[in-house]
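Step one of this worksheet: look at the structure below.
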Amino acid sequence: MSMIRELRAAVRPALRRGTTGYDPRAADRSGAPSSVVDCAVYRNGSRVRDHLTPTEAMRRVRSEGGFAWIGLHEPTEQEFAGIAQEFGLHPLAVEDAVHAHQRPKLERYDDTLFTVFKTIHYVEHAELTATSEVVETGEVMCFTGQDFVITVRHGGQGSLRALRHRLEDEPELLTKGPSAVLHAIADQVVDGYIAVADAVQDDIDEVEIDVFSSEPGGGSSRGGDAGRIYQLKREVLEFKRAVSPLLRPMQLLSERPMRLVDPDIQKYFRDVADHLARVNEQVVSFDELLNSILQANLAQATVAQNEDMRKITAWAAIIAVPTMICGVYGMNFRYMPELEWKYGYPLVMTVIVAICFSIHRGFKRNGWL
């Protein structure tokens with residue numbers, strides 16, 4: 001249990017709402033491709049070699065032992081070709097890593113595990129609108145071998161630099177080899193999901209309060225804006241595409257024995273899988289709740305329209321009385337009731353007002369006005 005707590009403390013991100021972005025000036029200056037963010041050799045849990053090219057790092061590992069951790073950011077085909085050849089990476093996995101836009105997955109190619117993670121970043125906004133971007137996605141691909149880890153990142157968030165520093169402060173974890181790095185990456189990604197889920201929950205609560213606190217027919221522009229609900233539903237769907245496909249890979253890493261995953265580290269993948277399952281349940285409930293909120297919003301709009309129609313109908317009925325009476329007396333007939341009587345006009349006006357008042361009172365009593 002103490003080791004689990006140490007591992008969690010080492011890999012939990014300090015900032016829940018985003019991490020440091022990619023800095024091109026931090027790329028290796030020893031001749032490596034510009035996409036290389038960091039390249040180092042680790043032995044007995046300590047960083048023993050840095051400022052190396054990927055080729056030099058692999059040669060050091062093969063001659064002196066340990067493992068190499070190479071981090072890249074959006075490499076081109078030309079930049080990644082040499083690394084892929086040096087480490088014997090499968091062409092299909094290389095193609096996925098270069099072109100990105102992949103579904104979260106876990107694949108095994110010979111002696112290499114290829115894992116794809118979707119990173120999620122919550123986009124802060126002062127007010128949710130019909131065009132607000134709520135979540136921003138990126139990708140982290142991880143090649144895990146016996147003596148190397150290659151991480152390929154796409155997007156402006158999901159930086160692994162802080163994670164690398166935290167692991168270097170816990171050398172006993174790095175002694176477990178590349179699988180410890182894979183677990184740390186998975187744990188950081190899933191922790192990011194948890195933080196985003198909490199933030200999205202706040203947005204959904206805000207929309208829900210706006211919808212159900214607005215009185216039907218009150219003309220509330222916030223509560224009646226179905227566009228905001230639909231936009232939030234689309235963002236939740238994007239969140240769901242990142243979380244749900246990752247369930248199966250995490251289950252495999254936590255349950256199926258793998259030669260490339262240290263047995264002690266495999267136990268920790270169960271914790272990641274549990275957290276991921278919880279987030280997946282939240283995201284599914286978000287989708288269902290937004291469906292209910294959207295239906296309630298549409299129902300409120302329908303009720304408001306019905307109330308408006310009732311009011312229009314009631315006033316039309318009231319106006320119909322003087323219209324009918326005045327229409328009769330507007331006919332050019334010689335003999336009409338009370339036409340020559342001097343009190344005929346006041347009498348007709350009194351009758352019109354009395355009838356209109358009675359109809360208005362009846363509609364008011366029945367809730368139409």
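Ordered as shown in the structure tokens, chains take letters A, B, and onward, while each chain numbers its residues from 1 and ligands are numbered from 1 in the order shown.
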From a DSSP pass on the backbone, collect the residues of stretch 69-256 of chain A flagged as strand (DSSP E or B) and hand them back as a ChimeraX atom specification. /A:69-73,105-109,112-122,135-144,148-154
Enumerate, in order of chain and increasing residue number, the residues of stretch 178-203 of chain A with an atom no farther than 9 Å from stretch 259-267 of chain A, each with its shortest atom pair and distance in Å to one decimal, counting only C-alpha atoms, as CSV.
```
residue,atom,partner,partner_atom,distance
A:Pro178,CA,A:Val261,CA,7.9
A:Ser179,CA,A:Val261,CA,5.1
A:Ala180,CA,A:Ile265,CA,6.2
A:Leu182,CA,A:Val261,CA,8.9
A:His183,CA,A:Ile265,CA,7.3
```
Could those selected residues go to a file with N, CA, C and O atoms, as a PDB file, in the first residue's frame?
```pdb
ATOM      1  N   PRO A 178      10.507   0.584 -18.241  1.00  0.00           N
ATOM      2  CA  PRO A 178       9.579   1.330 -19.107  1.00  0.00           C
ATOM      3  C   PRO A 178       8.113   1.204 -18.718  1.00  0.00           C
ATOM      4  O   PRO A 178       7.326   2.119 -18.943  1.00  0.00           O
ATOM      5  N   SER A 179       7.712   0.065 -18.143  1.00  0.00           N
ATOM      6  CA  SER A 179       6.300  -0.098 -17.781  1.00  0.00           C
ATOM      7  C   SER A 179       5.878   0.894 -16.701  1.00  0.00           C
ATOM      8  O   SER A 179       4.711   1.284 -16.630  1.00  0.00           O
ATOM      9  N   ALA A 180       6.835   1.319 -15.841  1.00  0.00           N
ATOM     10  CA  ALA A 180       6.507   2.337 -14.839  1.00  0.00           C
ATOM     11  C   ALA A 180       6.186   3.666 -15.511  1.00  0.00           C
ATOM     12  O   ALA A 180       5.292   4.403 -15.072  1.00  0.00           O
ATOM     13  N   LEU A 182       4.940   3.956 -18.582  1.00  0.00           N
ATOM     14  CA  LEU A 182       3.634   3.760 -19.226  1.00  0.00           C
ATOM     15  C   LEU A 182       2.507   3.948 -18.225  1.00  0.00           C
ATOM     16  O   LEU A 182       1.496   4.599 -18.526  1.00  0.00           O
ATOM     17  N   HIS A 183       2.672   3.383 -17.028  1.00  0.00           N
ATOM     18  CA  HIS A 183       1.638   3.548 -16.007  1.00  0.00           C
ATOM     19  C   HIS A 183       1.497   5.011 -15.605  1.00  0.00           C
ATOM     20  O   HIS A 183       0.374   5.513 -15.438  1.00  0.00           O
TER      21      HIS A 183
END
```
Please list as number ranges by chain every residue within 9 Å of A:Gly138, counting only C-alpha atoms and excluding residues in the same chain fewer than 6 positions away. A: 101, 117-121, 153-158
If we count only C-alpha atoms, what is near A:Leu298 at a cut-off of 12 Å, once residues fewer than 3 positions away on the same chain are taken out, given as a list in words? Val211, Phe212, Pro216, Gly223, Gly224, Asp225, Ala226, Gly227, Ile229, Tyr230, Asn291, Ser292, Ile293, Leu294, Gln295, Ala301, Thr302, Val303, Ala304 and Gln305 of chain A
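With atom CA of A:Val321 on one side and atom CA of A:Val353 on the other, the separation reads 9.2 Å.
Take the candidates A:Val116, A:Ile209, A:Ala316, A:Met258 and check each one against A:Ala296 using only C-alpha atoms; the shortest distance goes to A:Ile209.
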At a cut-off of 8 Å, using only C-alpha atoms, what residues contact stretch 270-277 of chain A? Leave out same-chain residues fewer than 2 positions from it and give the result as a VMD selection string. chain A and resid 186 to 187 190 193 to 194 243 247 250 to 251 254 to 255 266 to 268 279 to 281
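Excluding A:Gln231 itself and same-chain residues fewer than 5 positions from it, the residues having an atom within 9 Å of it are A:Thr129, A:Ala130, A:Thr131, A:Ser132, A:Glu133, A:Val134, A:Ala226, A:Val236, counting only C-alpha atoms.
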Using all heavy atoms, can you write the selected residues to a file as a PDB file, in the first residue's frame?
```pdb
ATOM      1  N   THR A 129     -21.852  29.610 -23.979  1.00  0.00           N
ATOM      2  CA  THR A 129     -22.700  30.065 -25.075  1.00  0.00           C
ATOM      3  C   THR A 129     -22.902  28.930 -26.067  1.00  0.00           C
ATOM      4  O   THR A 129     -22.378  27.829 -25.889  1.00  0.00           O
ATOM      5  CB  THR A 129     -22.071  31.277 -25.790  1.00  0.00           C
ATOM      6  OG1 THR A 129     -20.855  30.857 -26.446  1.00  0.00           O
ATOM      7  CG2 THR A 129     -21.744  32.383 -24.801  1.00  0.00           C
ATOM      8  N   ALA A 130     -23.661  29.220 -27.119  1.00  0.00           N
ATOM      9  CA  ALA A 130     -23.941  28.198 -28.130  1.00  0.00           C
ATOM     10  C   ALA A 130     -22.718  27.865 -28.968  1.00  0.00           C
ATOM     11  O   ALA A 130     -22.750  26.900 -29.741  1.00  0.00           O
ATOM     12  CB  ALA A 130     -25.083  28.660 -29.035  1.00  0.00           C
ATOM     13  N   THR A 131     -21.640  28.656 -28.838  1.00  0.00           N
ATOM     14  CA  THR A 131     -20.422  28.403 -29.607  1.00  0.00           C
ATOM     15  C   THR A 131     -19.209  28.172 -28.712  1.00  0.00           C
ATOM     16  O   THR A 131     -18.080  28.127 -29.214  1.00  0.00           O
ATOM     17  CB  THR A 131     -20.142  29.576 -30.554  1.00  0.00           C
ATOM     18  OG1 THR A 131     -20.022  30.784 -29.799  1.00  0.00           O
ATOM     19  CG2 THR A 131     -21.267  29.741 -31.574  1.00  0.00           C
ATOM     20  N   SER A 132     -19.414  28.013 -27.425  1.00  0.00           N
ATOM     21  CA  SER A 132     -18.298  27.839 -26.499  1.00  0.00           C
ATOM     22  C   SER A 132     -17.603  26.506 -26.722  1.00  0.00           C
ATOM     23  O   SER A 132     -18.255  25.474 -26.893  1.00  0.00           O
ATOM     24  CB  SER A 132     -18.782  27.927 -25.045  1.00  0.00           C
ATOM     25  OG  SER A 132     -19.285  29.201 -24.747  1.00  0.00           O
ATOM     26  N   GLU A 133     -16.262  26.534 -26.698  1.00  0.00           N
ATOM     27  CA  GLU A 133     -15.490  25.295 -26.712  1.00  0.00           C
ATOM     28  C   GLU A 133     -15.230  24.891 -25.269  1.00  0.00           C
ATOM     29  O   GLU A 133     -14.597  25.625 -24.511  1.00  0.00           O
ATOM     30  CB  GLU A 133     -14.167  25.489 -27.460  1.00  0.00           C
ATOM     31  CG  GLU A 133     -13.366  24.205 -27.595  1.00  0.00           C
ATOM     32  CD  GLU A 133     -12.058  24.413 -28.338  1.00  0.00           C
ATOM     33  OE1 GLU A 133     -11.646  25.577 -28.501  1.00  0.00           O
ATOM     34  OE2 GLU A 133     -11.446  23.411 -28.746  1.00  0.00           O
ATOM     35  N   VAL A 134     -15.729  23.730 -24.892  1.00  0.00           N
ATOM     36  CA  VAL A 134     -15.652  23.296 -23.500  1.00  0.00           C
ATOM     37  C   VAL A 134     -14.431  22.417 -23.257  1.00  0.00           C
ATOM     38  O   VAL A 134     -13.744  22.554 -22.247  1.00  0.00           O
ATOM     39  CB  VAL A 134     -16.939  22.546 -23.101  1.00  0.00           C
ATOM     40  CG1 VAL A 134     -16.863  22.071 -21.649  1.00  0.00           C
ATOM     41  CG2 VAL A 134     -18.151  23.442 -23.292  1.00  0.00           C
ATOM     42  N   ALA A 226     -31.637  26.575 -26.340  1.00  0.00           N
ATOM     43  CA  ALA A 226     -31.317  25.163 -26.589  1.00  0.00           C
ATOM     44  C   ALA A 226     -29.963  25.003 -27.234  1.00  0.00           C
ATOM     45  O   ALA A 226     -29.351  23.938 -27.142  1.00  0.00           O
ATOM     46  CB  ALA A 226     -32.405  24.539 -27.465  1.00  0.00           C
ATOM     47  N   VAL A 236     -19.496  16.983 -24.631  1.00  0.00           N
ATOM     48  CA  VAL A 236     -19.519  15.766 -23.820  1.00  0.00           C
ATOM     49  C   VAL A 236     -19.311  14.539 -24.701  1.00  0.00           C
ATOM     50  O   VAL A 236     -18.643  13.574 -24.310  1.00  0.00           O
ATOM     51  CB  VAL A 236     -20.844  15.669 -23.034  1.00  0.00           C
ATOM     52  CG1 VAL A 236     -21.018  14.281 -22.428  1.00  0.00           C
ATOM     53  CG2 VAL A 236     -20.886  16.725 -21.933  1.00  0.00           C
TER      54      VAL A 236
END
```
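Atom CA of A:Ala317 sits 11.7 Å away from atom CA of A:Trp368.
Across the structure, atom CA of A:Thr151 and atom CA of A:Arg278 are spaced 26.1 Å apart.
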Run DSSP on the backbone and give me the residues of stretch 1-231 of chain A it puts in helix (DSSP H, G or I), as a PyMOL selection string. chain A and resi 2-11+24-26+54-64+77-87+91-99+161-168+171-174+178-213+226-231
Can you pull out every residue within 10 Å of A:Asp147, counting only C-alpha atoms, but drop anything in the same chain fewer than 2 positions away, and send it as a compact mmCIF listing (two decimals) with C-alpha atoms, in the first residue's frame?
```txt
# COMPACT_ATOMS: atom_id res chain seq x y z
CA VAL A 41 19.04 7.18 -20.34
CA TYR A 42 17.93 5.83 -16.95
CA MET A 58 20.01 3.40 -27.64
CA VAL A 61 21.44 1.33 -23.24
CA ARG A 62 22.64 -1.69 -25.22
CA GLY A 65 22.07 -1.31 -19.55
CA GLY A 66 19.06 0.65 -18.32
CA PHE A 67 16.42 2.11 -20.60
CA ALA A 68 15.97 5.17 -22.80
CA TRP A 69 13.05 7.58 -22.64
CA PHE A 87 14.23 0.95 -32.39
CA THR A 144 7.04 0.59 -24.82
CA GLY A 145 9.83 -1.94 -25.25
CA VAL A 149 9.99 4.26 -24.03
CA GLY A 177 11.63 0.06 -16.16
CA PRO A 178 9.58 1.33 -19.11
CA SER A 179 6.30 -0.10 -17.78
CA LEU A 260 6.74 -6.03 -21.24
```
